[in-house]
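Scroll down for the structure; my scribbles are underneath it.
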Amino acid sequence: MLKRPAAAEPGIQRFQVRSGELLAPWQELLRSLIFAGPGVLWVVTFLVLPGLLLLVCSFLSSGQFGQVGLPLTLANYLRILGYSPLGWTPIYWQILGRSLLVAAVTTFFCVLLAYPLAFFIAAHPPRQRDLLLTLVVVPFWTNLVIRTYAWMVVLAPEGWPARLAAWLGWIPPQTALYPSWLAVYLGMVYTFLPYMVLPLYTAIERIDWRLAEAARDLYANGWQVFLWVLLPQTLPGLAAGLILVAIPALGMFVVPDLLGGSKTLLIGNVIQMQFGASLDYPFGAALSFLVTGLSLGLIYAYSRYVGSRGLEDLI
């Protein structure tokens, strides 16, 4: 019969076995600090502390010339809700709704384009696969602003897209395709497509193709095989791609600012204006926390509906 180990006597230090070593608690703590300390310090310094400063700033008041100070106030959050000294206005609700719509449309088209592209890459031999994946990430080698300016050149009146649109009668001759919503969506999808392709490709690489062959043997057509066999196996990659695309797209301001102009004012542009020309840091901090809350909501929905699988299946 197994005996329960006796409790340690008072004054005797407990030891724990870790990977074949006998470590005292202080030794285990020291080892944890050595290995995890730099990462924790980095997160605290560049994420937690700036976030706390931003939170405090969101409750401060802004002076006439942009100075930040007391008294503490909820006016910044009430302003987001639409309340102001002149009455109630839905302007920030409209901007937020427009931002959510742009993020949703961008994510939808990224999914629509990323699935066939990821399957196309996975169908090639390993050496060609590496080349194709390199081509997918090549845009990351150039700054986002430069890439957006390149789209301005492509959509200029002298470019073939504008000439084709003018020939079809969609726009007047010698007219650029920007600023417009079309240009914004083209730039957004182009920017975030790699973030959808890479996790989907990783999930597609792990597909059990024997299940697809079994489904074909049972007379399932191509769409049925994809919907009932392939799609469920790629859901972890799809969920990761949705998070990687939707959250940055919600706060994007460079692409809408350059390709959309004043016609496409999104929440990211409003935040940039508060920390820039308007010099209203407290209101910009409050808007930043609004976007942070929406992002955390998306991550919570991801963990809630995807379950324990998530990104761990992609590592």
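By order of appearance in the structure tokens: chains A, B, ..., then residues from 1 within every chain, and ligands from 1 in the order shown.
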
Give me, as a compact mmCIF listing (two decimals) with all heavy atoms, in the first residue's frame, all polymer residues having an atom no more than 12 Å from A:Pro50, counting only C-alpha atoms and skipping those fewer than 6 positions away in the same chain.
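Output (around07.txt):
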```txt
# COMPACT_ATOMS: atom_id res chain seq x y z
N TRP A 42 10.59 43.94 -20.58
CA TRP A 42 10.27 44.58 -21.86
C TRP A 42 8.77 44.87 -21.96
O TRP A 42 8.37 45.98 -22.35
CB TRP A 42 10.70 43.65 -23.01
CG TRP A 42 10.40 44.19 -24.38
CD1 TRP A 42 9.24 44.09 -25.08
CD2 TRP A 42 11.30 44.94 -25.20
NE1 TRP A 42 9.34 44.71 -26.29
CE2 TRP A 42 10.60 45.25 -26.40
CE3 TRP A 42 12.61 45.37 -25.07
CZ2 TRP A 42 11.18 45.96 -27.43
CZ3 TRP A 42 13.19 46.09 -26.11
CH2 TRP A 42 12.48 46.37 -27.27
N VAL A 43 7.93 43.90 -21.60
CA VAL A 43 6.48 44.09 -21.67
C VAL A 43 6.03 45.19 -20.71
O VAL A 43 5.20 46.05 -21.06
CB VAL A 43 5.76 42.76 -21.38
CG1 VAL A 43 4.25 42.99 -21.25
CG2 VAL A 43 6.03 41.74 -22.48
N VAL A 44 6.58 45.16 -19.49
CA VAL A 44 6.18 46.17 -18.51
C VAL A 44 6.61 47.57 -18.95
O VAL A 44 5.85 48.54 -18.85
CB VAL A 44 6.77 45.83 -17.13
CG1 VAL A 44 6.57 46.99 -16.16
CG2 VAL A 44 6.13 44.57 -16.58
N VAL A 56 -4.28 57.26 -17.50
CA VAL A 56 -4.34 58.43 -16.65
C VAL A 56 -4.57 59.69 -17.49
O VAL A 56 -5.37 60.56 -17.12
CB VAL A 56 -3.04 58.56 -15.83
CG1 VAL A 56 -3.00 59.88 -15.06
CG2 VAL A 56 -2.91 57.38 -14.86
N CYS A 57 -3.89 59.77 -18.62
CA CYS A 57 -4.02 60.94 -19.49
C CYS A 57 -5.45 61.10 -20.00
O CYS A 57 -5.91 62.23 -20.20
CB CYS A 57 -3.05 60.82 -20.66
SG CYS A 57 -3.04 62.25 -21.78
N ALA A 285 -6.13 59.96 -26.04
CA ALA A 285 -5.93 58.80 -25.17
C ALA A 285 -7.23 58.06 -24.94
O ALA A 285 -7.27 56.82 -24.94
CB ALA A 285 -5.33 59.26 -23.84
N SER A 288 -8.00 56.12 -27.98
CA SER A 288 -7.10 54.97 -28.07
C SER A 288 -7.59 53.82 -27.20
O SER A 288 -7.51 52.65 -27.59
CB SER A 288 -5.69 55.38 -27.65
OG SER A 288 -5.19 56.41 -28.49
N PHE A 289 -8.11 54.15 -26.01
CA PHE A 289 -8.63 53.10 -25.14
C PHE A 289 -9.90 52.50 -25.70
O PHE A 289 -10.20 51.32 -25.47
CB PHE A 289 -8.85 53.63 -23.73
CG PHE A 289 -7.71 53.34 -22.81
CD1 PHE A 289 -6.68 54.25 -22.68
CD2 PHE A 289 -7.64 52.15 -22.12
CE1 PHE A 289 -5.60 53.98 -21.84
CE2 PHE A 289 -6.57 51.86 -21.29
CZ PHE A 289 -5.55 52.78 -21.16
```

Give me the residues within 8 Å of stretch 64-75 of chain A as a list in words, counting only C-alpha atoms and dropping any in the same chain fewer than 6 places off. Cys57, Ser278, Leu279, Asp280, Tyr281 and Pro282 of chain A

Take the residues that were just selected and, keeping C-alpha atoms, output them as a compact mmCIF listing (two decimals), in the first residue's frame.
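Now in part.txt:
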```txt
# COMPACT_ATOMS: atom_id res chain seq x y z
CA CYS A 57 -4.02 60.94 -19.49
CA SER A 278 -5.29 69.27 -32.51
CA LEU A 279 -2.90 68.79 -29.54
CA ASP A 280 -5.73 67.22 -27.53
CA TYR A 281 -3.83 64.39 -25.87
CA PRO A 282 -6.50 63.43 -23.29
```

Could you give me, as a PDB file with all heavy atoms, in the first residue's frame, the residues within 8 Å of A:Leu132, counting only C-alpha atoms and dropping anything in the same chain fewer than 4 positions from it?
```
ATOM      1  N   ILE A 121      -0.071  27.858 -52.971  1.00  0.00           N
ATOM      2  CA  ILE A 121       1.308  27.746 -52.484  1.00  0.00           C
ATOM      3  C   ILE A 121       1.564  26.366 -51.905  1.00  0.00           C
ATOM      4  O   ILE A 121       2.612  25.746 -52.155  1.00  0.00           O
ATOM      5  CB  ILE A 121       1.580  28.845 -51.435  1.00  0.00           C
ATOM      6  CG1 ILE A 121       1.500  30.227 -52.073  1.00  0.00           C
ATOM      7  CG2 ILE A 121       2.943  28.640 -50.779  1.00  0.00           C
ATOM      8  CD1 ILE A 121       1.623  31.370 -51.085  1.00  0.00           C
ATOM      9  N   GLN A 128       9.802  25.448 -54.421  1.00  0.00           N
ATOM     10  CA  GLN A 128       8.960  26.484 -55.014  1.00  0.00           C
ATOM     11  C   GLN A 128       8.083  27.157 -53.958  1.00  0.00           C
ATOM     12  O   GLN A 128       7.776  28.343 -54.050  1.00  0.00           O
ATOM     13  CB  GLN A 128       8.093  25.883 -56.122  1.00  0.00           C
ATOM     14  CG  GLN A 128       8.894  25.321 -57.276  1.00  0.00           C
ATOM     15  CD  GLN A 128       8.006  24.740 -58.359  1.00  0.00           C
ATOM     16  OE1 GLN A 128       6.792  24.946 -58.373  1.00  0.00           O
ATOM     17  NE2 GLN A 128       8.610  23.980 -59.272  1.00  0.00           N
ATOM     18  N   VAL A 136       5.282  36.530 -51.030  1.00  0.00           N
ATOM     19  CA  VAL A 136       4.164  37.028 -50.220  1.00  0.00           C
ATOM     20  C   VAL A 136       4.642  38.060 -49.206  1.00  0.00           C
ATOM     21  O   VAL A 136       3.965  39.076 -48.954  1.00  0.00           O
ATOM     22  CB  VAL A 136       3.448  35.855 -49.518  1.00  0.00           C
ATOM     23  CG1 VAL A 136       2.447  36.369 -48.483  1.00  0.00           C
ATOM     24  CG2 VAL A 136       2.725  34.990 -50.539  1.00  0.00           C
TER      25      VAL A 136
END
```

Of the candidates A:Trp167, A:Phe140, A:Phe192, A:Trp228, which one gets nearest to A:Ala215 if we count only C-alpha atoms?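 The answer is A:Trp228, which sits nearest to A:Ala215.
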
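Close contacts of A:Val229, defined as residues with an atom at most 10 Å away when counting only C-alpha atoms, with chain neighbours fewer than 3 positions off set aside, comprise Ile207, Asp208, Trp209, Arg210, Leu211, Ala212, Glu213, Ala214, Ala215, Trp223, Gln224, Val225, Phe226, Pro232, Gln233 and Thr234 of chain A.
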
Pairwise distance, atom CA of A:Thr106 with atom CA of A:Thr148, equals 15.7 Å

Name all residues at most 12 Å from A:Glu205 (count only C-alpha atoms; drop same-chain ones fewer than 2 positions away) and give them as a ChimeraX atom specification. /A:118-126,129,198-203,207-209,230,233-234,237,313-315

Restricted to N, CA and C atoms, what would the selected residues look like written as a compact mmCIF listing (two decimals), in the first residue's frame?
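That gives us out.txt:
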```
# COMPACT_ATOMS: atom_id res chain seq x y z
N ALA A 118 -3.28 30.50 -50.58
CA ALA A 118 -2.61 29.59 -49.64
C ALA A 118 -2.65 28.16 -50.15
N PHE A 119 -3.79 27.72 -50.71
CA PHE A 119 -3.85 26.38 -51.28
C PHE A 119 -2.91 26.26 -52.49
N PHE A 120 -2.82 27.31 -53.30
CA PHE A 120 -1.93 27.31 -54.46
C PHE A 120 -0.48 27.14 -54.02
N ILE A 121 -0.07 27.86 -52.97
CA ILE A 121 1.31 27.75 -52.48
C ILE A 121 1.56 26.37 -51.90
N ALA A 122 0.62 25.84 -51.12
CA ALA A 122 0.81 24.54 -50.48
C ALA A 122 0.87 23.40 -51.48
N ALA A 123 0.32 23.59 -52.69
CA ALA A 123 0.31 22.53 -53.69
C ALA A 123 1.63 22.38 -54.43
N HIS A 124 2.58 23.31 -54.22
CA HIS A 124 3.85 23.27 -54.93
C HIS A 124 4.90 22.50 -54.14
N PRO A 125 5.96 22.05 -54.81
CA PRO A 125 7.07 21.39 -54.11
C PRO A 125 7.72 22.34 -53.10
N PRO A 126 8.43 21.80 -52.11
CA PRO A 126 8.99 22.64 -51.04
C PRO A 126 9.85 23.79 -51.53
N ARG A 129 7.69 26.38 -52.94
CA ARG A 129 6.90 26.95 -51.86
C ARG A 129 7.66 28.07 -51.15
N LEU A 198 -0.39 33.79 -44.47
CA LEU A 198 0.60 33.01 -43.73
C LEU A 198 -0.02 32.06 -42.71
N PRO A 199 -0.95 32.49 -41.83
CA PRO A 199 -1.56 31.50 -40.92
C PRO A 199 -2.42 30.47 -41.64
N LEU A 200 -3.08 30.87 -42.73
CA LEU A 200 -3.86 29.89 -43.49
C LEU A 200 -2.95 28.85 -44.13
N TYR A 201 -1.83 29.30 -44.67
CA TYR A 201 -0.88 28.35 -45.26
C TYR A 201 -0.37 27.36 -44.22
N THR A 202 -0.07 27.86 -43.02
CA THR A 202 0.41 26.98 -41.95
C THR A 202 -0.64 25.93 -41.59
N ALA A 203 -1.91 26.33 -41.56
CA ALA A 203 -2.98 25.38 -41.26
C ALA A 203 -3.19 24.39 -42.40
N ILE A 207 -3.24 19.73 -43.07
CA ILE A 207 -4.48 19.06 -43.45
C ILE A 207 -4.23 17.56 -43.65
N ASP A 208 -5.14 16.77 -43.16
CA ASP A 208 -5.11 15.32 -43.39
C ASP A 208 -5.88 15.06 -44.69
N TRP A 209 -5.14 14.89 -45.77
CA TRP A 209 -5.76 14.75 -47.09
C TRP A 209 -6.45 13.40 -47.25
N LEU A 230 -12.17 20.21 -45.51
CA LEU A 230 -11.00 21.08 -45.49
C LEU A 230 -11.18 22.30 -44.59
N GLN A 233 -10.62 21.91 -40.83
CA GLN A 233 -9.22 21.70 -40.47
C GLN A 233 -8.39 22.98 -40.54
N THR A 234 -8.88 23.97 -41.28
CA THR A 234 -8.16 25.24 -41.40
C THR A 234 -8.71 26.33 -40.51
N GLY A 237 -6.18 28.43 -38.38
CA GLY A 237 -5.47 29.42 -39.19
C GLY A 237 -6.37 30.56 -39.61
N ASP A 313 -2.18 25.67 -32.25
CA ASP A 313 -2.17 24.67 -33.31
C ASP A 313 -1.28 25.07 -34.48
N LEU A 314 -0.89 26.35 -34.53
CA LEU A 314 -0.11 26.82 -35.66
C LEU A 314 1.38 26.84 -35.35
N ILE A 315 1.77 26.51 -34.13
CA ILE A 315 3.18 26.55 -33.74
C ILE A 315 3.82 25.19 -33.96
```

Spatial neighbours of A:Arg79, max dist 10 Å, only C-alpha atoms, sep filter under 3 positions, as a PyMOL selection string: chain A and resi 74-76+82-85+88-92+283+286-287

Writing out the chosen residues with all heavy atoms as a compact mmCIF listing (two decimals), in the first residue's frame:
```
# COMPACT_ATOMS: atom_id res chain seq x y z
N LEU A 74 -14.39 63.26 -16.76
CA LEU A 74 -14.93 62.24 -17.66
C LEU A 74 -15.37 62.84 -19.00
O LEU A 74 -16.00 62.16 -19.80
CB LEU A 74 -16.12 61.54 -17.00
CG LEU A 74 -15.82 60.68 -15.77
CD1 LEU A 74 -17.12 60.17 -15.16
CD2 LEU A 74 -14.91 59.50 -16.14
N ALA A 75 -15.02 64.11 -19.21
CA ALA A 75 -15.50 64.81 -20.40
C ALA A 75 -15.02 64.15 -21.69
O ALA A 75 -15.74 64.16 -22.70
CB ALA A 75 -15.06 66.27 -20.36
N ASN A 76 -13.82 63.57 -21.67
CA ASN A 76 -13.29 62.95 -22.89
C ASN A 76 -14.12 61.74 -23.30
O ASN A 76 -14.41 61.55 -24.48
CB ASN A 76 -11.84 62.55 -22.68
CG ASN A 76 -10.96 63.75 -22.37
OD1 ASN A 76 -10.98 64.75 -23.08
ND2 ASN A 76 -10.18 63.67 -21.29
N GLY A 82 -20.81 61.30 -27.56
CA GLY A 82 -21.56 62.28 -28.33
C GLY A 82 -22.00 63.50 -27.57
O GLY A 82 -22.59 64.42 -28.15
N TYR A 83 -21.70 63.55 -26.26
CA TYR A 83 -22.14 64.68 -25.45
C TYR A 83 -21.07 65.79 -25.48
O TYR A 83 -19.89 65.52 -25.31
CB TYR A 83 -22.40 64.24 -24.01
CG TYR A 83 -23.51 63.24 -23.89
CD1 TYR A 83 -23.23 61.88 -23.80
CD2 TYR A 83 -24.84 63.66 -23.90
CE1 TYR A 83 -24.26 60.94 -23.70
CE2 TYR A 83 -25.87 62.74 -23.79
CZ TYR A 83 -25.57 61.39 -23.70
OH TYR A 83 -26.59 60.47 -23.61
N SER A 84 -21.53 67.01 -25.71
CA SER A 84 -20.65 68.17 -25.76
C SER A 84 -21.41 69.38 -25.24
O SER A 84 -22.63 69.34 -25.07
CB SER A 84 -20.17 68.42 -27.20
OG SER A 84 -21.25 68.84 -28.01
N PRO A 85 -20.72 70.50 -24.97
CA PRO A 85 -21.42 71.70 -24.51
C PRO A 85 -22.49 72.20 -25.48
O PRO A 85 -23.42 72.91 -25.08
CB PRO A 85 -20.28 72.73 -24.35
CG PRO A 85 -19.06 71.90 -24.11
CD PRO A 85 -19.26 70.67 -24.91
N TRP A 88 -25.85 66.96 -28.18
CA TRP A 88 -25.44 65.59 -28.54
C TRP A 88 -25.24 65.49 -30.04
O TRP A 88 -26.03 66.03 -30.84
CB TRP A 88 -26.50 64.59 -28.10
CG TRP A 88 -26.08 63.17 -28.32
CD1 TRP A 88 -25.28 62.41 -27.53
CD2 TRP A 88 -26.42 62.33 -29.43
NE1 TRP A 88 -25.10 61.16 -28.05
CE2 TRP A 88 -25.80 61.08 -29.23
CE3 TRP A 88 -27.21 62.53 -30.58
CZ2 TRP A 88 -25.93 60.03 -30.12
CZ3 TRP A 88 -27.33 61.48 -31.48
CH2 TRP A 88 -26.69 60.25 -31.24
N THR A 89 -24.18 64.79 -30.46
CA THR A 89 -23.91 64.58 -31.88
C THR A 89 -23.42 63.16 -32.08
O THR A 89 -22.64 62.63 -31.27
CB THR A 89 -22.84 65.57 -32.39
OG1 THR A 89 -22.50 65.22 -33.74
CG2 THR A 89 -21.59 65.54 -31.54
N PRO A 90 -23.84 62.48 -33.15
CA PRO A 90 -23.43 61.08 -33.38
C PRO A 90 -22.16 60.96 -34.20
O PRO A 90 -21.86 59.88 -34.71
CB PRO A 90 -24.62 60.51 -34.14
CG PRO A 90 -25.11 61.67 -34.96
CD PRO A 90 -24.89 62.90 -34.11
N ILE A 91 -21.37 62.02 -34.32
CA ILE A 91 -20.25 62.00 -35.26
C ILE A 91 -19.25 60.89 -34.95
O ILE A 91 -18.78 60.19 -35.85
CB ILE A 91 -19.56 63.38 -35.29
CG1 ILE A 91 -18.41 63.35 -36.30
CG2 ILE A 91 -19.08 63.80 -33.91
CD1 ILE A 91 -17.80 64.71 -36.54
N TYR A 92 -18.92 60.71 -33.67
CA TYR A 92 -17.91 59.69 -33.34
C TYR A 92 -18.49 58.29 -33.44
O TYR A 92 -17.75 57.34 -33.73
CB TYR A 92 -17.34 59.96 -31.95
CG TYR A 92 -16.54 61.24 -31.89
CD1 TYR A 92 -17.02 62.35 -31.20
CD2 TYR A 92 -15.34 61.36 -32.57
CE1 TYR A 92 -16.30 63.53 -31.17
CE2 TYR A 92 -14.61 62.54 -32.54
CZ TYR A 92 -15.10 63.63 -31.85
OH TYR A 92 -14.40 64.80 -31.83
N PHE A 283 -8.14 63.54 -25.09
CA PHE A 283 -9.19 62.96 -25.94
C PHE A 283 -8.62 61.88 -26.85
O PHE A 283 -9.25 60.85 -27.08
CB PHE A 283 -9.85 64.06 -26.77
CG PHE A 283 -11.02 63.58 -27.58
CD1 PHE A 283 -12.09 62.94 -26.97
CD2 PHE A 283 -11.05 63.75 -28.96
CE1 PHE A 283 -13.17 62.49 -27.72
CE2 PHE A 283 -12.12 63.30 -29.70
CZ PHE A 283 -13.19 62.67 -29.09
N ALA A 286 -8.34 58.79 -24.76
CA ALA A 286 -9.63 58.14 -24.56
C ALA A 286 -10.04 57.37 -25.82
O ALA A 286 -10.54 56.24 -25.72
CB ALA A 286 -10.69 59.19 -24.21
N LEU A 287 -9.83 57.95 -26.99
CA LEU A 287 -10.14 57.24 -28.23
C LEU A 287 -9.26 56.00 -28.39
O LEU A 287 -9.72 54.96 -28.87
CB LEU A 287 -9.95 58.18 -29.43
CG LEU A 287 -11.00 59.27 -29.63
CD1 LEU A 287 -10.55 60.24 -30.71
CD2 LEU A 287 -12.34 58.67 -29.99
```

Do you know which residues are at most 8 Å from A:Val189 counting only C-alpha atoms, after dropping those on the same chain fewer than 2 positions away, and could you put them as a list in words? Thr106, Thr107, Phe109, Cys110, Tyr185, Leu186, Gly187, Thr191, Phe192 and Leu193 of chain A

Counting only C-alpha atoms, the residue of A:Leu55, A:Ala24, A:Leu259, A:Leu96 that sits nearest A:Ala156: A:Leu259

Straight-line distance linking atom CA of A:Leu113 with atom CA of A:Val197, stated in Å to one decimal: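 Going from atom CA of A:Leu113 over to atom CA of A:Val197 covers 8.5 Å.
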